[in-house]
>>> print(open('entry14.cif').read())   # mmCIF, C-alpha atoms
data_run
#
loop_
_atom_site.label_atom_id
_atom_site.label_comp_id
_atom_site.auth_asym_id
_atom_site.auth_seq_id
_atom_site.Cartn_x
_atom_site.Cartn_y
_atom_site.Cartn_z
CA MET Y 1 -17.77 -23.96 -58.61
CA ASN Y 2 -14.89 -23.99 -56.08
CA ALA Y 3 -15.20 -20.25 -55.52
CA VAL Y 4 -18.74 -20.75 -54.27
CA LEU Y 5 -17.67 -23.42 -51.77
CA ARG Y 6 -14.71 -21.49 -50.32
CA PRO Y 7 -15.51 -18.12 -48.75
CA ALA Y 8 -13.09 -15.25 -49.17
CA VAL Y 9 -10.47 -14.90 -46.42
CA SER Y 10 -11.57 -11.34 -45.68
CA SER Y 11 -14.99 -12.63 -44.64
CA PHE Y 12 -13.38 -14.19 -41.55
CA LEU Y 13 -11.82 -10.94 -40.31
CA PRO Y 14 -14.88 -9.73 -38.32
CA LEU Y 15 -15.04 -13.14 -36.66
CA ARG Y 16 -11.36 -12.89 -35.75
CA GLY Y 17 -11.95 -9.54 -34.07
CA LEU Y 18 -14.92 -10.97 -32.20
CA GLN Y 19 -12.82 -13.93 -31.06
CA GLN Y 20 -10.05 -11.64 -29.79
CA TRP Y 21 -12.59 -9.46 -27.96
CA TRP Y 22 -14.19 -12.56 -26.41
CA HIS Y 23 -10.85 -13.91 -25.18
CA HIS Y 24 -9.87 -10.53 -23.74
CA ALA Y 25 -13.23 -10.21 -21.98
CA ALA Y 26 -12.84 -13.71 -20.53
CA LEU Y 27 -9.32 -12.85 -19.32
CA VAL Y 28 -10.59 -9.71 -17.59
CA ARG Y 29 -13.42 -11.64 -15.91
CA ARG Y 30 -10.99 -14.32 -14.73
CA GLN Y 31 -8.56 -11.74 -13.32
CA LYS Y 32 -11.35 -9.93 -11.49
CA ALA Y 33 -12.60 -13.22 -10.01
CA GLU Y 34 -9.07 -14.09 -8.87
CA ALA Y 35 -8.68 -10.66 -7.28
CA ARG Y 36 -12.00 -11.01 -5.43
CA ALA Y 37 -11.04 -14.47 -4.19
CA LEU Y 38 -7.65 -13.23 -3.02
CA MET Y 39 -9.14 -10.22 -1.22
CA ALA Y 40 -11.72 -12.49 0.45
CA LEU Y 41 -9.10 -14.71 2.09
CA GLY Y 42 -9.02 -14.67 5.86
CA GLN Y 43 -5.97 -13.63 7.83
CA HIS Y 44 -5.06 -17.23 8.71
CA GLU Y 45 -5.16 -18.18 5.01
CA LEU Y 46 -2.97 -15.24 4.14
CA ASN Y 47 -0.54 -16.26 6.87
CA ASP Y 48 -0.41 -19.75 5.33
CA LEU Y 49 0.55 -18.14 2.03
CA GLY Y 50 3.11 -15.92 3.72
CA VAL Y 51 1.39 -12.75 2.51
CA GLY Y 52 0.24 -9.79 4.53
CA ARG Y 53 -3.00 -7.93 3.88
CA SER Y 54 -1.05 -4.81 2.92
CA GLU Y 55 0.70 -6.75 0.13
CA LEU Y 56 -2.53 -7.81 -1.61
CA PRO Y 57 -2.97 -4.75 -3.85
CA ALA Y 58 0.47 -5.35 -5.34
CA LEU Y 59 -0.37 -9.01 -6.02
CA VAL Y 60 -3.63 -8.28 -7.80
CA ARG Y 61 -3.07 -7.78 -11.50
CA ASP Y 62 -4.81 -4.84 -13.07
CA PRO Y 63 -7.24 -6.19 -15.71
CA ALA Y 64 -6.44 -4.25 -18.85
#
>>> encode(input="entry14.cif", output="structure tokens")
Amino acid sequence: MNAVLRPAVSSFLPLRGLQQWWHHAALVRRQKAEARALMALGQHELNDLGVGRSELPALVRDPA
């Protein structure tokens, strides 16, 4: 009776892979949005941050 109520642990493995893929995809989307927002800043906003336009590519993390 208990075996019917508790699923096998291996049945959760595909869901774990899906969860990891989902979190990775969300991380990539967030990094791309941050990069777009950073690249869209005006020169006066960059000056406030103490960053030059030529330094932006080094600040943007590569979504992997």
>>> closest_residue(input="entry14.cif", among="Y:Leu18, Y:Val60, Y:Val51, Y:Leu46", to="Glu34 of chain Y", atoms="all atoms listed in the file")
Y:Val60
>>> atom_distance(input="entry14.cif", atom1="atom CA of Ala58 of chain Y", atom2="atom CA of Ala35 of chain Y")
10.8 Å
>>> atom_distance(input="entry14.cif", atom1="atom CA of Met39 of chain Y", atom2="atom CA of Gly52 of chain Y")
11.0 Å
>>> atom_distance(input="entry14.cif", atom1="atom CA of Pro14 of chain Y", atom2="atom CA of Ala33 of chain Y")
28.6 Å
>>> decode(input="entry14.cif", residues="segment 30-59 of chain Y", atoms="N, CA and C atoms", output="short mmCIF file (atom, residue, chain, number, x, y, z; two decimals), in the first residue's frame")
data_model
loop_
_atom_site.label_atom_id
_atom_site.label_comp_id
_atom_site.auth_asym_id
_atom_site.auth_seq_id
_atom_site.Cartn_x
_atom_site.Cartn_y
_atom_site.Cartn_z
N ARG Y 30 17.85 36.94 -17.88
CA ARG Y 30 18.13 38.05 -16.97
C ARG Y 30 19.45 38.74 -17.34
N GLN Y 31 20.47 37.96 -17.68
CA GLN Y 31 21.76 38.55 -18.06
C GLN Y 31 21.64 39.34 -19.35
N LYS Y 32 20.86 38.84 -20.31
CA LYS Y 32 20.68 39.58 -21.56
C LYS Y 32 19.92 40.88 -21.32
N ALA Y 33 18.92 40.85 -20.44
CA ALA Y 33 18.17 42.07 -20.12
C ALA Y 33 19.07 43.09 -19.43
N GLU Y 34 19.92 42.63 -18.52
CA GLU Y 34 20.85 43.53 -17.84
C GLU Y 34 21.83 44.14 -18.84
N ALA Y 35 22.30 43.34 -19.77
CA ALA Y 35 23.24 43.84 -20.78
C ALA Y 35 22.57 44.89 -21.66
N ARG Y 36 21.32 44.63 -22.08
CA ARG Y 36 20.59 45.62 -22.89
C ARG Y 36 20.38 46.92 -22.13
N ALA Y 37 20.02 46.80 -20.86
CA ALA Y 37 19.80 48.00 -20.04
C ALA Y 37 21.10 48.78 -19.87
N LEU Y 38 22.19 48.09 -19.66
CA LEU Y 38 23.48 48.75 -19.49
C LEU Y 38 23.91 49.45 -20.77
N MET Y 39 23.73 48.79 -21.92
CA MET Y 39 24.11 49.38 -23.20
C MET Y 39 23.21 50.56 -23.57
N ALA Y 40 21.99 50.60 -23.02
CA ALA Y 40 21.06 51.66 -23.35
C ALA Y 40 21.25 52.92 -22.49
N LEU Y 41 22.13 52.86 -21.51
CA LEU Y 41 22.36 54.03 -20.67
C LEU Y 41 22.94 55.17 -21.49
N GLY Y 42 22.54 56.37 -21.13
CA GLY Y 42 23.09 57.55 -21.78
C GLY Y 42 24.46 57.88 -21.23
N GLN Y 43 25.15 58.75 -21.92
CA GLN Y 43 26.51 59.11 -21.52
C GLN Y 43 26.53 59.74 -20.13
N HIS Y 44 25.55 60.57 -19.79
CA HIS Y 44 25.54 61.21 -18.47
C HIS Y 44 25.32 60.17 -17.37
N GLU Y 45 24.52 59.12 -17.65
CA GLU Y 45 24.33 58.06 -16.67
C GLU Y 45 25.60 57.23 -16.50
N LEU Y 46 26.28 56.99 -17.60
CA LEU Y 46 27.55 56.28 -17.50
C LEU Y 46 28.58 57.09 -16.73
N ASN Y 47 28.59 58.39 -16.94
CA ASN Y 47 29.51 59.25 -16.19
C ASN Y 47 29.20 59.19 -14.70
N ASP Y 48 27.91 59.14 -14.34
CA ASP Y 48 27.53 59.01 -12.94
C ASP Y 48 28.07 57.72 -12.33
N LEU Y 49 28.11 56.67 -13.15
CA LEU Y 49 28.62 55.38 -12.67
C LEU Y 49 30.14 55.31 -12.71
N GLY Y 50 30.75 56.27 -13.38
CA GLY Y 50 32.20 56.27 -13.51
C GLY Y 50 32.70 55.24 -14.52
N VAL Y 51 31.89 55.01 -15.55
CA VAL Y 51 32.22 54.01 -16.57
C VAL Y 51 32.19 54.67 -17.93
N GLY Y 52 33.14 54.36 -18.75
CA GLY Y 52 33.15 54.86 -20.11
C GLY Y 52 32.45 53.88 -21.05
N ARG Y 53 31.99 54.37 -22.18
CA ARG Y 53 31.30 53.52 -23.15
C ARG Y 53 32.19 52.38 -23.63
N SER Y 54 33.49 52.65 -23.74
CA SER Y 54 34.40 51.61 -24.22
C SER Y 54 34.58 50.48 -23.20
N GLU Y 55 34.24 50.72 -21.94
CA GLU Y 55 34.37 49.69 -20.91
C GLU Y 55 33.16 48.78 -20.81
N LEU Y 56 32.06 49.12 -21.46
CA LEU Y 56 30.83 48.35 -21.33
C LEU Y 56 30.97 46.89 -21.77
N PRO Y 57 31.60 46.59 -22.90
CA PRO Y 57 31.68 45.18 -23.29
C PRO Y 57 32.37 44.30 -22.24
N ALA Y 58 33.32 44.84 -21.52
CA ALA Y 58 33.99 44.07 -20.49
C ALA Y 58 33.09 43.86 -19.26
N LEU Y 59 32.16 44.78 -19.04
CA LEU Y 59 31.26 44.66 -17.89
C LEU Y 59 30.11 43.71 -18.13
#
